[in-house]
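Scroll down for the structure; my scribbles are underneath it.
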Amino acid sequence: MSVRDEVRQAMGALSGGSAPGGRGATSDLSIDETLLLHSVGWEPVDMVFGVSWWSIPWGVWQWTTGEVQAASAAFAGAVDQAAGLLRGECQKVGGTGVLGVEVSVRVSSHHVAIELAGTAVKRTGRPHEGFEFISDLSARDFVLLTRAGWWPLGLAAGASFVVAPRRTVGQWASQQGQNTELPNLTEALYLAREGAMERMQRAGASMKADGIVAVKLREGRASSNIRVMQFVAIGTGVHLRAGEHQVIAPTMVVPLDERVRQFDVTSLRGSGGR
Amino acid sequence: MTPTAPTAGAVTGGAGTAGGEGGLPEAATRRLSGGAWSSGLSVTDFASCLDMGMRPLGFVQGYAVMQWSWYMATGGFAGMRGGLGGGGAFGAGWGTAQRRRGQYVEQWQCPHGFVGAEHRMYGMNYELTWLEQSWATGWGLAVGRMVDEAASLGATGIVGVIDDMRPLAGVNTVEFRASGTAVAVDDAPAPAAPFTTYLSGQRLAKLFEAGFAPVSVVATLSAVQMLGYCITNYQLAGTAQVGWYGAGGGGGVGTIDQVNRAQAAARRLARERVRAQLGGDVLHGATLESSEREIGEGDLSVQCLLKGSRVRQFKDFDPLPHPAPVVRLT
């Protein structure tokens with residue numbers, strides 16, 4: 001059937017039929033992702049959310065150097081709670097996993113805010129098999145991963161916030177007028193990196209993951225205080241389900257079409273738009 | 001299909017048209033009745049539409065300018081704000097509060113007893129129904145007017161819809177706007193009202209091929225106001241561990257329950273409201289935009305805008321073959 005015939009058939013359905021009734025579903029997946037998921041036996045169920053704010057005590061950033069344990073603990077608690085809420089919503093709507101989770105992390109002086117939003121998915125035509133995973137992988141990455149014999153388990157995250165020590169008067173004086181490394185800031189960043197990566201890897205191990213893929217890093221200054229360094233690492237814990245890695249052996253293609261610049265309809269609004 | 005509006009009472013296509021009673025402005029009618037057709041489609045999307053048998057008829061738009069205020073002079077829980085600063089004054093605010101039907105409201109009570117005039121003895125999360133209704137009215141008017149223009153052209157649907165809202169003149173005036181390309185599908189039965197969709201071009205073609213028909217664009221705004229009680233106030237200020245205020249505050253590091261409940265409620269309300277409009281259809285390609293406004297020390301206003309294209313399955317799903325991985329040599 002040509003696409004023209006399908007459009008006519010669709011218009012016929014709209015003009016004659018009414019909504020099927022029952023419970024509507026929401027999905028933030030594109031049509032490509034929906035089709036791809038169907039091809040491997042999964043379907044979207046509903047959008048699900050998990051939001052958690054945790055407080056950080058006043059004063060923990062001041063008069064100290066080294067890691068701010070309270071901030072790191074607040075981050076860990078908020079991630080755990082948000083993931084728990086996401087999982088709860090997923091199970092409530094009948095999903096067995098959450099895909100394409102958008103992760104938002106905001107850290108302020110007195111609180112950490114974690115927001116997770118994704119689409120709950122379930123296997124097509126199969127009974128509910130219990131909760132399986134939360135993943136920030138796209139549907140395409142999920143299909144590729146599972147085809148290679150790996151399976152997502154959950155979000156693995158770690159964060160560390162470090163206050164760098166002040167330079168001594170001697171260091172400050174010797175560095176004036178020079179382009180030179182500032183070891184106190186470099187070391188603070190490294191300390192934060194080690195703390196965050198270690199926690200993320202520990203989180204992966206606790207969910208029995210063999211590894212963590214698609215790790216996203218956020219590092220740099222954490223606040224208006226130039227001596228506070230942050231390092232946040234988040235990825236999806238995966239484990240090998242098929243016993244061994246399955247070679248995908250992709251086919252090489254030489255596309256003969258010109259790359260066409262995709263048109264963005266929002267550009268019609270110009271700079272004055274949203 | 002008349003565009004759906006998030007709440008009952010919101011105006012949908014055809015009602016409240018800008019040109020006066022029962023029709024488009026006279027100039028618009030004249031413009032649309034002759035001359036060359038216009039379109040917001042790119043050349044590639046235009047070509048794709050022609051492939052699907054869709055003929056562009058006109059670049060249709062709808063606008064609505066609304067007076068916009070975060071606080072209502074009367075109604076809802078707006079009158080309570082002044083009463084929450086101190087326990088003694090709370091009673092007066094409480095007495096005037098009217099819970100609207102189905103409105104989300106949740107309350108918290110201070111565990112400390114009377115401490116002083118600055119101490120927040122009560123906290124409350126409540127839905128800003130008047131804000132949600134104002135948004136739904138503005139959005140519904142703009143989309144409805146766009147659909148009116150398309151209907152006057154005899155369109156089957158509107159593709160590539162863009163909608164947004166922005167301040168127009170001063171702080172209390174906002175403009176809702178919607179635009180898209182009206183198209184006609186020749187030799188096809190016309191829906192009761194033109195369909196609308198955010199999709200266009202290849203993405204729309206894939207939707208049809210997957211067995212889904214576009215029905216309408218759907219959007220809803222949910223808004224929840226959080227007036228923090230003492231524990232929330234201390235947690236947001238980072239002082240929950242100071243002295244005996246720590247009771248219930250988790251010693252400084254801990255979940256901020258009232259904020260989390262407000263955030264969850266805003267998302268749940270948006271999703272439930274959208275679901276209520278779907279009637280068994282699917283909201284495709286949904287996007288959620290969330291934001292907070294700090295409206296005072298320890299007080300937040302949370303908004304969630306959820307929108308997407310409502311689609312209806314018109315044929316059994318044709319499963320794709322198992323995807324073949326490829327490496328592009330470019």
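Labels for the structure tokens follow display order: chains A, B, ..., residues from 1 in each chain, ligands from 1.
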
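Residues in contact with range 16-29 of chain A at up to 7 Å, not including ones fewer than 3 positions away on its chain and judged by only C-alpha atoms, are Gly12, Ala13, Glu33, Thr34, Pro44, Val45, Asp46, Met47 and Thr119 of chain A; Arg275, Leu278, Gly279, Gly280, Asp281, Val282, Leu283, His284, Gly285, Ala286 and Thr287 of chain B.
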
Considering only C-alpha atoms, give me a table of residues in range 155-216 of chain A that are at most 12 Å from range 234-246 of chain A, with the closest atom pair and distance in Å for each, as a tab-separated table.
```
residue	atom	partner	partner_atom	distance
A:Leu155	CA	A:Thr236	CA	4.7
A:Ala156	CA	A:Gly235	CA	5.4
A:Ala157	CA	A:Ile234	CA	4.3
A:Gly158	CA	A:Ile234	CA	6.6
A:Ala159	CA	A:Ile234	CA	8.6
A:Ala196	CA	A:Ile234	CA	9.2
A:Met197	CA	A:Ile234	CA	9.0
A:Glu198	CA	A:Ile234	CA	11.6
A:Arg199	CA	A:Ile234	CA	10.1
A:Met200	CA	A:Ile234	CA	7.0
A:Gln201	CA	A:Gly237	CA	8.8
A:Arg202	CA	A:Gly237	CA	10.5
A:Ala203	CA	A:Gly237	CA	8.5
A:Gly204	CA	A:Gly237	CA	5.4
A:Ala205	CA	A:Gly237	CA	8.4
A:Ser206	CA	A:Gly237	CA	9.8
A:Met207	CA	A:Gly237	CA	7.6
A:Lys208	CA	A:His239	CA	7.4
A:Ala209	CA	A:His239	CA	4.9
A:Asp210	CA	A:His239	CA	4.7
A:Gly211	CA	A:Val238	CA	5.5
A:Ile212	CA	A:Gly237	CA	4.3
A:Val213	CA	A:Thr236	CA	5.4
A:Ala214	CA	A:Gly235	CA	5.4
A:Val215	CA	A:Gly235	CA	4.1
A:Lys216	CA	A:Ile234	CA	5.4
```

Please, could you write that set of residues out with N, CA and C atoms as an mmCIF file, in the first residue's frame?
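Printed below is result_37.cif as written:
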```cif
data_model
loop_
_atom_site.group_PDB
_atom_site.id
_atom_site.type_symbol
_atom_site.label_atom_id
_atom_site.label_comp_id
_atom_site.auth_asym_id
_atom_site.auth_seq_id
_atom_site.Cartn_x
_atom_site.Cartn_y
_atom_site.Cartn_z
ATOM 1 N N LEU A 155 20.370 3.092 36.483
ATOM 2 C CA LEU A 155 21.234 4.269 36.434
ATOM 3 C C LEU A 155 22.304 4.143 37.516
ATOM 4 N N ALA A 156 23.541 4.342 37.134
ATOM 5 C CA ALA A 156 24.633 4.380 38.105
ATOM 6 C C ALA A 156 25.148 5.808 38.147
ATOM 7 N N ALA A 157 25.187 6.381 39.323
ATOM 8 C CA ALA A 157 25.571 7.789 39.425
ATOM 9 C C ALA A 157 26.499 8.009 40.611
ATOM 10 N N GLY A 158 27.356 8.983 40.481
ATOM 11 C CA GLY A 158 28.227 9.373 41.582
ATOM 12 C C GLY A 158 28.576 10.836 41.454
ATOM 13 N N ALA A 159 28.734 11.482 42.583
ATOM 14 C CA ALA A 159 29.091 12.899 42.555
ATOM 15 C C ALA A 159 30.010 13.209 43.722
ATOM 16 N N ALA A 196 33.700 10.853 42.581
ATOM 17 C CA ALA A 196 32.493 10.638 41.772
ATOM 18 C C ALA A 196 32.574 9.335 40.988
ATOM 19 N N MET A 197 33.724 9.116 40.347
ATOM 20 C CA MET A 197 33.857 7.903 39.529
ATOM 21 C C MET A 197 33.793 6.650 40.397
ATOM 22 N N GLU A 198 34.412 6.730 41.566
ATOM 23 C CA GLU A 198 34.397 5.565 42.456
ATOM 24 C C GLU A 198 32.968 5.264 42.903
ATOM 25 N N ARG A 199 32.227 6.298 43.237
ATOM 26 C CA ARG A 199 30.838 6.075 43.689
ATOM 27 C C ARG A 199 29.977 5.528 42.555
ATOM 28 N N MET A 200 30.194 6.063 41.359
ATOM 29 C CA MET A 200 29.412 5.554 40.230
ATOM 30 C C MET A 200 29.734 4.080 39.980
ATOM 31 N N GLN A 201 31.007 3.737 40.013
ATOM 32 C CA GLN A 201 31.386 2.336 39.780
ATOM 33 C C GLN A 201 30.873 1.431 40.900
ATOM 34 N N ARG A 202 30.859 1.962 42.125
ATOM 35 C CA ARG A 202 30.322 1.192 43.251
ATOM 36 C C ARG A 202 28.814 0.983 43.076
ATOM 37 N N ALA A 203 28.146 2.032 42.573
ATOM 38 C CA ALA A 203 26.701 1.900 42.319
ATOM 39 C C ALA A 203 26.448 0.840 41.248
ATOM 40 N N GLY A 204 27.306 0.815 40.231
ATOM 41 C CA GLY A 204 27.179 -0.208 39.194
ATOM 42 C C GLY A 204 27.370 -1.602 39.763
ATOM 43 N N ALA A 205 28.384 -1.740 40.615
ATOM 44 C CA ALA A 205 28.658 -3.060 41.210
ATOM 45 C C ALA A 205 27.501 -3.510 42.095
ATOM 46 N N SER A 206 26.894 -2.552 42.800
ATOM 47 C CA SER A 206 25.798 -2.934 43.702
ATOM 48 C C SER A 206 24.583 -3.455 42.939
ATOM 49 N N MET A 207 24.439 -3.050 41.682
ATOM 50 C CA MET A 207 23.324 -3.594 40.877
ATOM 51 C C MET A 207 23.792 -4.780 40.022
ATOM 52 N N LYS A 208 24.999 -5.281 40.352
ATOM 53 C CA LYS A 208 25.574 -6.443 39.667
ATOM 54 C C LYS A 208 25.824 -6.187 38.176
ATOM 55 N N ALA A 209 26.224 -4.965 37.884
ATOM 56 C CA ALA A 209 26.556 -4.627 36.493
ATOM 57 C C ALA A 209 27.994 -5.026 36.190
ATOM 58 N N ASP A 210 28.216 -5.456 34.969
ATOM 59 C CA ASP A 210 29.587 -5.722 34.541
ATOM 60 C C ASP A 210 30.302 -4.422 34.187
ATOM 61 N N GLY A 211 29.539 -3.457 33.728
ATOM 62 C CA GLY A 211 30.143 -2.184 33.348
ATOM 63 C C GLY A 211 29.096 -1.095 33.262
ATOM 64 N N ILE A 212 29.550 0.082 32.963
ATOM 65 C CA ILE A 212 28.645 1.234 32.845
ATOM 66 C C ILE A 212 28.906 1.875 31.482
ATOM 67 N N VAL A 213 27.859 2.058 30.705
ATOM 68 C CA VAL A 213 28.028 2.644 29.369
ATOM 69 C C VAL A 213 27.416 4.035 29.316
ATOM 70 N N ALA A 214 27.806 4.748 28.284
ATOM 71 C CA ALA A 214 27.273 6.090 28.003
ATOM 72 C C ALA A 214 27.378 7.003 29.216
ATOM 73 N N VAL A 215 28.537 7.006 29.843
ATOM 74 C CA VAL A 215 28.733 7.851 31.025
ATOM 75 C C VAL A 215 28.790 9.318 30.606
ATOM 76 N N LYS A 216 28.031 10.110 31.293
ATOM 77 C CA LYS A 216 28.055 11.556 31.033
ATOM 78 C C LYS A 216 28.687 12.243 32.230
#
```

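Here CA of Pro127 in chain A stands at a distance of 22.7 Å from CA of Gly100 in chain A.
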
Exercise for the section: Mind listing the alpha helix (DSSP H) residues of range 65-109 of chain A, per DSSP on the backbone, as a PyMOL selection string? Expected result: chain A and resi 69-92

Go ahead and save the picked residues with N, CA and C atoms, as a PDB file, in the first residue's frame.
```pdb
ATOM      1  N   GLN A  69      31.169  16.292  52.290  1.00  0.00           N
ATOM      2  CA  GLN A  69      30.471  15.006  52.375  1.00  0.00           C
ATOM      3  C   GLN A  69      28.956  15.175  52.352  1.00  0.00           C
ATOM      4  N   ALA A  70      28.489  16.235  52.972  1.00  0.00           N
ATOM      5  CA  ALA A  70      27.037  16.425  53.057  1.00  0.00           C
ATOM      6  C   ALA A  70      26.438  16.603  51.661  1.00  0.00           C
ATOM      7  N   ALA A  71      27.141  17.334  50.801  1.00  0.00           N
ATOM      8  CA  ALA A  71      26.618  17.561  49.450  1.00  0.00           C
ATOM      9  C   ALA A  71      26.629  16.266  48.638  1.00  0.00           C
ATOM     10  N   SER A  72      27.709  15.483  48.789  1.00  0.00           N
ATOM     11  CA  SER A  72      27.787  14.221  48.062  1.00  0.00           C
ATOM     12  C   SER A  72      26.697  13.268  48.542  1.00  0.00           C
ATOM     13  N   ALA A  73      26.467  13.266  49.853  1.00  0.00           N
ATOM     14  CA  ALA A  73      25.424  12.389  50.405  1.00  0.00           C
ATOM     15  C   ALA A  73      24.038  12.828  49.940  1.00  0.00           C
ATOM     16  N   ALA A  74      23.824  14.137  49.875  1.00  0.00           N
ATOM     17  CA  ALA A  74      22.527  14.642  49.410  1.00  0.00           C
ATOM     18  C   ALA A  74      22.299  14.235  47.951  1.00  0.00           C
ATOM     19  N   PHE A  75      23.344  14.310  47.155  1.00  0.00           N
ATOM     20  CA  PHE A  75      23.221  13.899  45.749  1.00  0.00           C
ATOM     21  C   PHE A  75      22.849  12.415  45.661  1.00  0.00           C
ATOM     22  N   ALA A  76      23.575  11.588  46.411  1.00  0.00           N
ATOM     23  CA  ALA A  76      23.301  10.144  46.361  1.00  0.00           C
ATOM     24  C   ALA A  76      21.882   9.836  46.817  1.00  0.00           C
ATOM     25  N   GLY A  77      21.454  10.493  47.888  1.00  0.00           N
ATOM     26  CA  GLY A  77      20.096  10.262  48.392  1.00  0.00           C
ATOM     27  C   GLY A  77      19.044  10.691  47.395  1.00  0.00           C
ATOM     28  N   ALA A  78      19.269  11.833  46.753  1.00  0.00           N
ATOM     29  CA  ALA A  78      18.290  12.344  45.791  1.00  0.00           C
ATOM     30  C   ALA A  78      18.199  11.435  44.566  1.00  0.00           C
ATOM     31  N   VAL A  79      19.338  10.950  44.093  1.00  0.00           N
ATOM     32  CA  VAL A  79      19.314  10.052  42.923  1.00  0.00           C
ATOM     33  C   VAL A  79      18.563   8.767  43.269  1.00  0.00           C
ATOM     34  N   ASP A  80      18.868   8.201  44.435  1.00  0.00           N
ATOM     35  CA  ASP A  80      18.194   6.958  44.840  1.00  0.00           C
ATOM     36  C   ASP A  80      16.689   7.164  44.948  1.00  0.00           C
ATOM     37  N   GLN A  81      16.307   8.267  45.561  1.00  0.00           N
ATOM     38  CA  GLN A  81      14.876   8.500  45.742  1.00  0.00           C
ATOM     39  C   GLN A  81      14.179   8.749  44.407  1.00  0.00           C
ATOM     40  N   ALA A  82      14.794   9.547  43.554  1.00  0.00           N
ATOM     41  CA  ALA A  82      14.182   9.832  42.246  1.00  0.00           C
ATOM     42  C   ALA A  82      14.051   8.555  41.422  1.00  0.00           C
ATOM     43  N   ALA A  83      15.089   7.718  41.457  1.00  0.00           N
ATOM     44  CA  ALA A  83      15.032   6.454  40.703  1.00  0.00           C
ATOM     45  C   ALA A  83      13.946   5.543  41.279  1.00  0.00           C
ATOM     46  N   GLY A  84      13.807   5.551  42.600  1.00  0.00           N
ATOM     47  CA  GLY A  84      12.754   4.755  43.232  1.00  0.00           C
ATOM     48  C   GLY A  84      11.363   5.222  42.813  1.00  0.00           C
ATOM     49  N   LEU A  85      11.195   6.546  42.751  1.00  0.00           N
ATOM     50  CA  LEU A  85       9.897   7.089  42.330  1.00  0.00           C
ATOM     51  C   LEU A  85       9.610   6.730  40.869  1.00  0.00           C
ATOM     52  N   LEU A  86      10.649   6.808  40.049  1.00  0.00           N
ATOM     53  CA  LEU A  86      10.492   6.471  38.627  1.00  0.00           C
ATOM     54  C   LEU A  86      10.087   5.003  38.480  1.00  0.00           C
ATOM     55  N   ARG A  87      10.745   4.177  39.226  1.00  0.00           N
ATOM     56  CA  ARG A  87      10.447   2.742  39.191  1.00  0.00           C
ATOM     57  C   ARG A  87       9.016   2.482  39.655  1.00  0.00           C
ATOM     58  N   GLY A  88       8.616   3.170  40.723  1.00  0.00           N
ATOM     59  CA  GLY A  88       7.254   3.002  41.237  1.00  0.00           C
ATOM     60  C   GLY A  88       6.209   3.394  40.208  1.00  0.00           C
ATOM     61  N   GLU A  89       6.442   4.535  39.529  1.00  0.00           N
ATOM     62  CA  GLU A  89       5.487   4.980  38.505  1.00  0.00           C
ATOM     63  C   GLU A  89       5.441   3.991  37.347  1.00  0.00           C
ATOM     64  N   CYS A  90       6.604   3.485  36.978  1.00  0.00           N
ATOM     65  CA  CYS A  90       6.678   2.528  35.868  1.00  0.00           C
ATOM     66  C   CYS A  90       5.864   1.276  36.183  1.00  0.00           C
ATOM     67  N   GLN A  91       6.040   0.760  37.376  1.00  0.00           N
ATOM     68  CA  GLN A  91       5.310  -0.463  37.750  1.00  0.00           C
ATOM     69  C   GLN A  91       3.812  -0.192  37.833  1.00  0.00           C
ATOM     70  N   LYS A  92       3.481   1.021  38.262  1.00  0.00           N
ATOM     71  CA  LYS A  92       2.068   1.378  38.400  1.00  0.00           C
ATOM     72  C   LYS A  92       1.348   1.378  37.049  1.00  0.00           C
TER      73      LYS A  92
END
```

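Considering only C-alpha atoms, the residue among B:His322, B:Phe59, B:Arg328, B:Ser152 positioned nearest to Leu256 in chain A is B:Arg328.
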
Exercise for the section: Could you give me the residues within range 12-156 of chain A that DSSP places in strand (DSSP E), as a VMD selection string? Expected result: chain A and resid 25 to 26 42 to 55 66 to 67 97 to 107 111 to 123 133 to 134 150 to 156

Problem - Separation of CA of Gly50 in chain A from CA of Asn260 in chain B, in Å and rounded to one decimal - result: 9.0 Å

Fill in the blank from the handout: In Å and to one decimal, CA of His112 in chain B is distant from CA of Gly228 in chain B by 14.7 Å

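Take the candidates B:Glu127, B:Glu26, B:Glu272, B:Glu106 and check each one against chain A using only C-alpha atoms; the shortest distance goes to B:Glu272.
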